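Undergrad: For reference, the file input-v3.cif (mmCIF, C-alpha atoms) is included below:
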```
data_structure
#
loop_
_atom_site.label_atom_id
_atom_site.label_comp_id
_atom_site.auth_asym_id
_atom_site.auth_seq_id
_atom_site.Cartn_x
_atom_site.Cartn_y
_atom_site.Cartn_z
CA MET I 1 54.24 92.43 131.77
CA THR I 2 57.23 91.15 129.83
CA ALA I 3 59.39 93.81 128.24
CA LYS I 4 59.76 93.52 124.52
CA ALA I 5 63.21 92.90 123.18
CA VAL I 6 64.66 95.97 121.48
CA PRO I 7 65.55 95.11 117.88
CA ASN I 8 69.13 95.64 116.84
CA PRO I 9 69.02 98.30 114.10
CA LEU I 10 72.33 96.99 112.71
CA ALA I 11 71.32 93.30 112.64
CA ALA I 12 70.47 93.23 108.93
CA ASP I 13 73.66 95.06 108.00
CA ARG I 14 75.68 92.70 110.21
CA ALA I 15 74.13 89.67 108.49
CA GLU I 16 74.90 91.16 105.07
CA ALA I 17 78.50 91.82 106.09
CA PHE I 18 79.12 88.24 107.17
CA GLY I 19 77.44 87.06 103.99
CA LEU I 20 80.00 89.03 102.01
CA THR I 21 82.96 88.05 104.20
CA PRO I 22 82.24 84.88 106.23
CA VAL I 23 84.23 84.35 109.43
CA SER I 24 84.23 81.87 112.31
CA ARG I 25 81.78 82.13 115.20
CA GLU I 26 84.68 83.09 117.48
CA THR I 27 85.64 85.92 115.17
CA GLU I 28 82.03 87.10 115.01
CA GLU I 29 81.99 87.29 118.80
CA ARG I 30 85.23 89.29 118.88
CA LEU I 31 83.89 91.68 116.26
CA ASP I 32 80.63 92.06 118.20
CA ARG I 33 82.63 93.14 121.26
CA PHE I 34 84.67 95.53 119.12
CA ILE I 35 81.63 97.16 117.53
CA GLU I 36 79.83 97.46 120.87
CA LEU I 37 82.87 99.26 122.27
CA LEU I 38 83.19 101.45 119.19
CA LEU I 39 79.57 102.60 119.40
CA THR I 40 80.05 103.43 123.08
CA TRP I 41 83.20 105.47 122.45
CA GLN I 42 81.65 107.09 119.37
CA LYS I 43 79.33 109.03 121.67
CA ILE I 44 82.29 111.01 123.03
CA THR I 45 85.08 110.48 120.47
CA HIS I 46 84.82 110.84 116.69
CA LEU I 47 85.95 107.42 115.46
CA ILE I 48 83.91 107.05 112.26
CA SER I 49 81.64 109.33 110.27
CA PRO I 50 78.19 109.33 111.92
CA SER I 51 76.58 108.97 108.50
CA THR I 52 78.17 105.51 108.12
CA ILE I 53 76.80 104.05 111.37
CA PRO I 54 73.66 102.50 109.78
CA THR I 55 75.94 100.53 107.42
CA LEU I 56 78.78 100.11 109.87
CA TRP I 57 79.16 96.37 109.35
CA THR I 58 79.27 96.41 105.55
CA ARG I 59 80.90 99.84 105.11
CA HIS I 60 83.70 99.28 107.62
CA VAL I 61 83.90 95.69 108.92
CA ALA I 62 83.35 93.70 105.71
CA ASP I 63 85.38 96.26 103.77
CA SER I 64 88.28 95.47 106.13
CA LEU I 65 87.81 91.69 106.26
CA GLN I 66 88.01 91.31 102.49
CA LEU I 67 91.69 92.24 102.57
CA ILE I 68 92.62 89.00 104.32
CA ASP I 69 91.88 86.85 101.28
CA LEU I 70 94.42 88.88 99.30
CA ALA I 71 97.21 87.89 101.70
CA GLN I 72 96.14 84.56 103.20
CA ASN I 73 99.57 83.56 104.51
CA ALA I 74 100.45 86.94 106.02
CA ARG I 75 101.18 87.08 109.73
CA PHE I 76 102.79 90.48 110.34
CA TRP I 77 100.53 93.33 109.27
CA VAL I 78 101.15 97.08 109.55
CA ASP I 79 98.10 99.36 109.37
CA LEU I 80 98.90 103.02 108.82
CA GLY I 81 96.44 105.54 110.25
CA SER I 82 94.24 102.97 111.98
CA GLY I 83 91.70 105.52 113.25
CA GLY I 84 88.70 103.63 114.58
CA GLY I 85 90.31 100.25 113.88
CA PHE I 86 89.69 99.79 110.15
CA PRO I 87 91.12 97.71 108.70
CA GLY I 88 93.79 96.83 111.26
CA LEU I 89 91.81 95.93 114.39
CA VAL I 90 89.23 94.02 112.33
CA ILE I 91 92.02 92.00 110.69
CA ALA I 92 93.57 91.32 114.10
CA CYS I 93 90.22 90.04 115.37
CA ALA I 94 89.87 87.72 112.39
CA LEU I 95 93.42 86.35 112.72
CA ALA I 96 93.46 86.07 116.52
CA GLU I 97 93.57 82.28 116.40
CA THR I 98 96.31 82.15 113.76
CA PRO I 99 99.68 81.49 115.47
CA GLY I 100 102.30 84.19 115.04
CA THR I 101 99.90 86.94 113.98
CA GLN I 102 100.78 90.50 114.94
CA VAL I 103 99.10 93.66 113.67
CA HIS I 104 100.70 97.04 114.28
CA LEU I 105 98.12 99.83 114.50
CA VAL I 106 99.82 103.15 113.77
CA GLU I 107 97.73 106.06 115.04
CA SER I 108 98.94 109.49 116.17
CA ASN I 109 95.65 110.72 117.63
CA THR I 110 95.88 110.04 121.36
CA LYS I 111 92.13 109.47 121.88
CA LYS I 112 91.92 107.05 118.98
CA ALA I 113 95.08 105.28 120.15
CA ALA I 114 93.52 104.88 123.61
CA PHE I 115 90.40 103.42 122.00
CA LEU I 116 92.48 100.98 119.95
CA ARG I 117 94.32 99.78 123.05
CA GLU I 118 91.03 99.16 124.84
CA ALA I 119 89.59 97.42 121.77
CA ALA I 120 92.62 95.12 121.58
CA ARG I 121 92.21 94.31 125.28
CA VAL I 122 88.46 93.67 125.07
CA THR I 123 88.70 91.48 121.99
CA GLY I 124 91.96 89.71 122.78
CA ALA I 125 93.17 90.59 119.29
CA PRO I 126 96.94 90.36 118.59
CA ALA I 127 97.27 94.08 117.96
CA VAL I 128 100.07 96.42 119.03
CA VAL I 129 99.19 100.11 119.11
CA GLN I 130 101.94 102.42 117.89
CA ALA I 131 100.82 105.85 119.12
CA MET I 132 102.94 108.04 116.85
CA ARG I 133 102.95 109.80 113.53
CA ILE I 134 103.34 107.58 110.49
CA GLU I 135 106.55 109.35 109.48
CA LYS I 136 108.18 108.51 112.81
CA TYR I 137 107.00 104.91 112.71
CA VAL I 138 108.31 104.18 109.21
CA ALA I 139 111.58 106.04 109.86
CA ASN I 140 112.32 103.66 112.74
CA PHE I 141 110.79 100.54 111.16
CA SER I 142 113.33 97.71 110.93
CA PRO I 143 111.56 94.31 110.74
CA ALA I 144 110.13 92.92 107.52
CA ALA I 145 106.33 93.05 107.50
CA ASP I 146 104.20 90.80 105.33
CA VAL I 147 101.54 93.42 104.54
CA VAL I 148 101.07 97.16 104.90
CA THR I 149 97.54 98.58 104.72
CA ALA I 150 95.92 101.99 104.85
CA ARG I 151 92.28 102.88 104.35
CA GLU I 152 90.83 106.32 103.57
CA LEU I 153 94.07 107.90 104.70
CA LEU I 154 95.93 109.82 101.97
CA PRO I 155 96.02 110.34 98.21
CA PHE I 156 97.77 107.35 96.63
CA LYS I 157 101.00 109.18 95.80
CA SER I 158 101.38 110.38 99.40
CA LEU I 159 100.47 106.93 100.63
CA LEU I 160 103.33 105.41 98.64
CA ASP I 161 105.70 108.10 99.94
CA ASN I 162 104.83 107.12 103.49
CA SER I 163 104.84 103.34 103.05
CA PHE I 164 107.88 102.98 100.75
CA SER I 165 110.32 101.94 103.49
CA ILE I 166 108.00 99.06 104.44
CA LEU I 167 107.14 98.06 100.87
CA SER I 168 110.83 98.12 99.90
CA ARG I 169 111.49 95.34 102.42
CA GLY I 170 109.11 93.05 100.57
CA ALA I 171 105.76 93.83 102.14
CA LEU I 172 102.62 93.55 100.07
CA GLY I 173 100.59 96.75 99.93
CA LEU I 174 96.79 96.53 100.21
CA PHE I 175 95.18 99.91 99.73
CA PRO I 176 91.38 100.23 99.30
CA LYS I 177 90.47 103.12 97.03
CA GLY I 178 87.26 104.64 95.73
CA GLN I 179 86.05 105.47 92.25
CA ASP I 180 88.87 108.00 91.67
CA VAL I 181 91.51 105.28 91.82
CA ALA I 182 92.50 105.67 88.14
CA ALA I 183 93.29 109.37 88.56
CA GLU I 184 95.25 108.66 91.76
CA LEU I 185 97.28 105.95 90.03
CA THR I 186 98.05 108.26 87.11
CA GLN I 187 99.33 110.94 89.47
CA ALA I 188 101.40 108.48 91.52
CA ALA I 189 102.95 106.99 88.37
CA LYS I 190 104.66 110.33 87.69
CA TYR I 191 106.85 109.67 90.73
CA TRP I 192 106.83 105.89 91.17
CA ASN I 193 107.23 102.77 89.06
CA ILE I 194 104.48 100.66 90.60
CA ASP I 195 103.97 96.92 90.19
CA TYR I 196 100.30 96.62 91.02
CA THR I 197 96.99 94.97 90.27
CA LEU I 198 93.45 96.11 91.01
CA ALA I 199 91.19 93.76 92.96
CA PRO I 200 87.42 94.31 92.99
CA SER I 201 85.75 95.34 96.22
CA ARG I 202 83.01 93.11 97.61
CA THR I 203 81.37 96.06 99.36
CA ASP I 204 81.39 98.75 96.66
CA SER I 205 81.11 98.04 92.96
CA LEU I 206 82.86 101.32 92.13
CA ALA I 207 85.79 100.77 94.50
CA ARG I 208 89.00 98.83 93.99
CA ILE I 209 91.79 97.49 96.18
CA VAL I 210 95.22 98.46 94.89
CA VAL I 211 97.55 95.50 95.46
CA VAL I 212 101.15 96.74 95.34
CA ARG I 213 103.84 94.10 94.88
CA GLY I 214 106.79 96.30 93.99
CA LEU I 215 107.73 99.96 94.08
CA GLU I 216 110.68 102.00 92.75
CA ARG I 217 111.25 105.73 92.67
CA ARG I 218 111.25 107.36 89.27
CA GLN I 219 113.80 109.94 88.23
CA VAL I 220 111.75 113.13 88.07
CA ALA I 221 113.20 116.03 86.11
CA GLU I 222 113.61 119.20 88.13
#
```
As a first step, turn the structure in this file into structure tokens.
TA:
Amino acid sequence: MTAKAVPNPLAADRAEAFGLTPVSRETEERLDRFIELLLTWQKITHLISPSTIPTLWTRHVADSLQLIDLAQNARFWVDLGSGGGFPGLVIACALAETPGTQVHLVESNTKKAAFLREAARVTGAPAVVQAMRIEKYVANFSPAADVVTARELLPFKSLLDNSFSILSRGALGLFPKGQDVAAELTQAAKYWNIDYTLAPSRTDSLARIVVVRGLERRQVAE
């Protein structure tokens, strides 16, 4: 008796994700290896919210991939608070065949950093794991990055505080935000003069990607 193939419960979501953000066959294969590893580690290490697993491909993978089109010529990416690899490891997988690509994954949690190292090894992605707090990383950051990203990490004002030293060297900031983005921008504008635009999200009609092109501190009265 021939055993029936077990259907992949994420197959439909995977197909939808690649419909939203098409990639090469080679990139699909790298992302398949990454997600397989993530689901294995998820059983013992909290990498993503369990409630998002049924829509893992659209909620996390496609949401990360869409950032690449906003910085098509970027080669040096810095991802703050990489967590389970979103968006940094996904971006590294997608740009693995682009010469000169390097993605720094900044993650202070030792278990998550260990996962990211293994994911980079398994996928062959050009990712460098920086296992340290964001404050320490940016304080010692000297090269000029092309892009700095952070996803579901901090309120926007705090995010700018932490990424300023990278943005001030000319990096483009790509920061996905949810439906409260207007309130976060209003709060951040009390402390920062921000040159930004809002790009629509392909994965959430209520979300926006804040694209920061310039940033200056405001003089705040004591």
Undergrad: Calculate, to one decimal in Å, the centre and edge lengths of the box along x, y and z of the file that holds all listed atoms of range 177-189 of chain I with 5 Å of margin on each side, and present them as AutoDock Vina command-line options.
TA:
```
--center_x 94.5 --center_y 107.0 --center_z 92.1 --size_x 26.9 --size_y 17.8 --size_z 19.9
```
Undergrad: Taking a cut-off of 9 Å and counting all atoms listed in the file, can you build a table that, for each residue of range 34-103 of chain I near range 203-210 of chain I, reports the nearest atom pair and how far apart they are in Å (one decimal), sorted by chain then residue number, as CSV?
TA:
```
residue,atom,partner,partner_atom,distance
I:Thr58,CA,I:Thr203,CA,6.5
I:Arg59,CA,I:Thr203,CA,6.9
I:Ala62,CA,I:Thr203,CA,7.1
I:Asp63,CA,I:Thr203,CA,6.0
I:Gln66,CA,I:Thr203,CA,8.7
I:Leu67,CA,I:Ile209,CA,8.3
```
Undergrad: Write the residues of the selection above to a file with C-alpha atoms, as a short mmCIF file (atom, residue, chain, number, x, y, z; two decimals), in the frame of the given file.
TA:
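Heads up, here's the output in out35.cif:
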```cif
data_model
loop_
_atom_site.label_atom_id
_atom_site.label_comp_id
_atom_site.auth_asym_id
_atom_site.auth_seq_id
_atom_site.Cartn_x
_atom_site.Cartn_y
_atom_site.Cartn_z
CA THR I 58 79.27 96.41 105.55
CA ARG I 59 80.90 99.84 105.11
CA ALA I 62 83.35 93.70 105.71
CA ASP I 63 85.38 96.26 103.77
CA GLN I 66 88.01 91.31 102.49
CA LEU I 67 91.69 92.24 102.57
#
```
Undergrad: Taking all atoms listed in the file into account, name the residue in I:Ser64, I:His46, I:Thr149, I:Ala119 that is nearest to His104 in chain I.
TA: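 Closest candidate: I:Thr149.
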Undergrad: CA of Glu29 in chain I and CA of Phe115 in chain I, how far apart in Å?
TA: 18.5 Å
Undergrad: How many Å separate CA of Leu159 in chain I from CA of Glu135 in chain I?
TA: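 So the two atoms, CA of Leu159 in chain I and CA of Glu135 in chain I, lie 11.0 Å apart.
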Undergrad: Expressed in Å to a single decimal, how great is the separation between CA of Val128 in chain I and CA of Lys177 in chain I?
TA: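 Distance between the two atoms: 24.9 Å.
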Undergrad: Could you list, as a PDB file with C-alpha atoms, keeping the file's coordinate frame, every residue matched by the PyMOL selection byres ((chain I and resi 217) around 9) in this structure?
TA:
```pdb
ATOM      1  CA  TYR I 191     106.850 109.670  90.730  1.00  0.00           C
ATOM      2  CA  TRP I 192     106.830 105.890  91.170  1.00  0.00           C
ATOM      3  CA  ASN I 193     107.230 102.770  89.060  1.00  0.00           C
ATOM      4  CA  ILE I 194     104.480 100.660  90.600  1.00  0.00           C
ATOM      5  CA  LEU I 215     107.730  99.960  94.080  1.00  0.00           C
ATOM      6  CA  GLU I 216     110.680 102.000  92.750  1.00  0.00           C
ATOM      7  CA  ARG I 218     111.250 107.360  89.270  1.00  0.00           C
ATOM      8  CA  GLN I 219     113.800 109.940  88.230  1.00  0.00           C
ATOM      9  CA  VAL I 220     111.750 113.130  88.070  1.00  0.00           C
TER      10      VAL I 220
END
```
Undergrad: Select, from I:Leu174, I:Val212, I:Ala199, I:Ala125, the residue with the minimum atom-to-atom distance to Ala150 in chain I, counting all atoms listed in the file.
TA: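 Checking each candidate against Ala150 in chain I, we get I:Leu174 as the closest.
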Undergrad: Report the residues retrieved by the PyMOL selection byres ((chain I and resi 9-18) around 9) from the displayed file, expressed as a PDB file with C-alpha atoms, keeping the file's coordinate frame.
TA:
```pdb
ATOM      1  CA  VAL I   6      64.660  95.970 121.480  1.00  0.00           C
ATOM      2  CA  PRO I   7      65.550  95.110 117.880  1.00  0.00           C
ATOM      3  CA  ASN I   8      69.130  95.640 116.840  1.00  0.00           C
ATOM      4  CA  GLY I  19      77.440  87.060 103.990  1.00  0.00           C
ATOM      5  CA  LEU I  20      80.000  89.030 102.010  1.00  0.00           C
ATOM      6  CA  THR I  21      82.960  88.050 104.200  1.00  0.00           C
ATOM      7  CA  PRO I  22      82.240  84.880 106.230  1.00  0.00           C
ATOM      8  CA  VAL I  23      84.230  84.350 109.430  1.00  0.00           C
ATOM      9  CA  GLU I  28      82.030  87.100 115.010  1.00  0.00           C
ATOM     10  CA  ILE I  53      76.800 104.050 111.370  1.00  0.00           C
ATOM     11  CA  PRO I  54      73.660 102.500 109.780  1.00  0.00           C
ATOM     12  CA  THR I  55      75.940 100.530 107.420  1.00  0.00           C
ATOM     13  CA  LEU I  56      78.780 100.110 109.870  1.00  0.00           C
ATOM     14  CA  TRP I  57      79.160  96.370 109.350  1.00  0.00           C
ATOM     15  CA  THR I  58      79.270  96.410 105.550  1.00  0.00           C
ATOM     16  CA  ARG I  59      80.900  99.840 105.110  1.00  0.00           C
ATOM     17  CA  VAL I  61      83.900  95.690 108.920  1.00  0.00           C
ATOM     18  CA  ALA I  62      83.350  93.700 105.710  1.00  0.00           C
ATOM     19  CA  ASP I  63      85.380  96.260 103.770  1.00  0.00           C
ATOM     20  CA  THR I 203      81.370  96.060  99.360  1.00  0.00           C
TER      21      THR I 203
END
```
Undergrad: Kindly indicate which residue among I:Lys157, I:Leu89, I:Gly100, I:Pro143 lies nearest to Ala74 in chain I, using only C-alpha atoms for the distances.
TA: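 Once distances to Ala74 in chain I are computed over only C-alpha atoms, the minimum belongs to I:Gly100.
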Undergrad: Rank I:Leu172, I:Tyr137, I:Glu107, I:Arg30 by their smallest atom-to-atom distance to Asn73 in chain I, using only C-alpha atoms, and report the top residue only.
TA: I:Leu172
Undergrad: Which one is closest to Arg213 in chain I: I:Leu198, I:Leu116, I:Ala171, I:Ile48? Count all atoms listed in the file.
TA: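 Going through I:Leu198, I:Leu116, I:Ala171, I:Ile48 one by one, the smallest distance to Arg213 in chain I is for I:Ala171.
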Undergrad: Would you kindly identify which residues have an atom no farther than 12 Å from (94.7, 86.2, 116.1), using all atoms listed in the file and the file's own coordinates, and write them out as a CSV table (one decimal) with C-alpha atoms, keeping the file's coordinate frame?
TA:
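Listed below is the output, point.csv:
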```
chain,number,residue,atom,x,y,z
I,24,SER,CA,84.2,81.9,112.3
I,26,GLU,CA,84.7,83.1,117.5
I,27,THR,CA,85.6,85.9,115.2
I,30,ARG,CA,85.2,89.3,118.9
I,74,ALA,CA,100.4,86.9,106.0
I,75,ARG,CA,101.2,87.1,109.7
I,76,PHE,CA,102.8,90.5,110.3
I,77,TRP,CA,100.5,93.3,109.3
I,88,GLY,CA,93.8,96.8,111.3
I,89,LEU,CA,91.8,95.9,114.4
I,90,VAL,CA,89.2,94.0,112.3
I,91,ILE,CA,92.0,92.0,110.7
I,92,ALA,CA,93.6,91.3,114.1
I,93,CYS,CA,90.2,90.0,115.4
I,94,ALA,CA,89.9,87.7,112.4
I,95,LEU,CA,93.4,86.4,112.7
I,96,ALA,CA,93.5,86.1,116.5
I,97,GLU,CA,93.6,82.3,116.4
I,98,THR,CA,96.3,82.2,113.8
I,99,PRO,CA,99.7,81.5,115.5
I,100,GLY,CA,102.3,84.2,115.0
I,101,THR,CA,99.9,86.9,114.0
I,102,GLN,CA,100.8,90.5,114.9
I,103,VAL,CA,99.1,93.7,113.7
I,120,ALA,CA,92.6,95.1,121.6
I,123,THR,CA,88.7,91.5,122.0
I,124,GLY,CA,92.0,89.7,122.8
I,125,ALA,CA,93.2,90.6,119.3
I,126,PRO,CA,96.9,90.4,118.6
I,127,ALA,CA,97.3,94.1,118.0
I,128,VAL,CA,100.1,96.4,119.0
```
Undergrad: Please provide the set of residues having any atom within 12 Å of Asn140 in chain I, restricted to only C-alpha atoms, with same-chain residues fewer than 4 positions apart removed, written as a VMD selection string.
TA: chain I and resid 130 132 to 136 165 to 166
Undergrad: Check the smallest atom-to-atom distance from each of I:Ser158, I:Ser168, I:Ser201, I:Ser49 to Glu184 in chain I using all atoms listed in the file, then report the winner.
TA: I:Ser158
Undergrad: Please supply range 156-168 of chain I, rebuilt with N, CA, C and O atoms, as a short mmCIF file (atom, residue, chain, number, x, y, z; two decimals), in the frame of the given file.
TA:
```cif
data_model
loop_
_atom_site.label_atom_id
_atom_site.label_comp_id
_atom_site.auth_asym_id
_atom_site.auth_seq_id
_atom_site.Cartn_x
_atom_site.Cartn_y
_atom_site.Cartn_z
N PHE I 156 96.93 108.52 96.85
CA PHE I 156 97.77 107.35 96.63
C PHE I 156 99.26 107.69 96.55
O PHE I 156 100.09 106.97 97.09
N LYS I 157 99.60 108.80 95.90
CA LYS I 157 101.00 109.18 95.80
C LYS I 157 101.61 109.40 97.18
O LYS I 157 102.70 108.92 97.49
N SER I 158 100.90 110.14 98.04
CA SER I 158 101.38 110.38 99.40
C SER I 158 101.43 109.10 100.21
O SER I 158 102.32 108.91 101.05
N LEU I 159 100.49 108.21 99.95
CA LEU I 159 100.47 106.93 100.63
C LEU I 159 101.71 106.12 100.31
O LEU I 159 102.33 105.51 101.19
N LEU I 160 102.11 106.12 99.04
CA LEU I 160 103.33 105.41 98.64
C LEU I 160 104.56 106.07 99.25
O LEU I 160 105.50 105.37 99.68
N ASP I 161 104.58 107.40 99.30
CA ASP I 161 105.70 108.10 99.94
C ASP I 161 105.88 107.62 101.37
O ASP I 161 107.01 107.41 101.83
N ASN I 162 104.78 107.48 102.08
CA ASN I 162 104.83 107.12 103.49
C ASN I 162 105.09 105.64 103.74
O ASN I 162 105.61 105.28 104.79
N SER I 163 104.71 104.79 102.81
CA SER I 163 104.84 103.34 103.05
C SER I 163 106.03 102.72 102.33
O SER I 163 106.28 101.52 102.46
N PHE I 164 106.80 103.52 101.59
CA PHE I 164 107.88 102.98 100.75
C PHE I 164 108.88 102.16 101.56
O PHE I 164 109.31 101.08 101.13
N SER I 165 109.29 102.65 102.73
CA SER I 165 110.32 101.94 103.49
C SER I 165 109.84 100.56 103.94
O SER I 165 110.66 99.66 104.15
N ILE I 166 108.54 100.37 104.08
CA ILE I 166 108.00 99.06 104.44
C ILE I 166 107.84 98.19 103.19
O ILE I 166 108.22 97.02 103.17
N LEU I 167 107.31 98.79 102.13
CA LEU I 167 107.14 98.06 100.87
C LEU I 167 108.49 97.62 100.30
O LEU I 167 108.60 96.53 99.71
N SER I 168 109.52 98.44 100.48
CA SER I 168 110.83 98.12 99.90
C SER I 168 111.48 96.93 100.58
O SER I 168 112.43 96.35 100.03
#
```
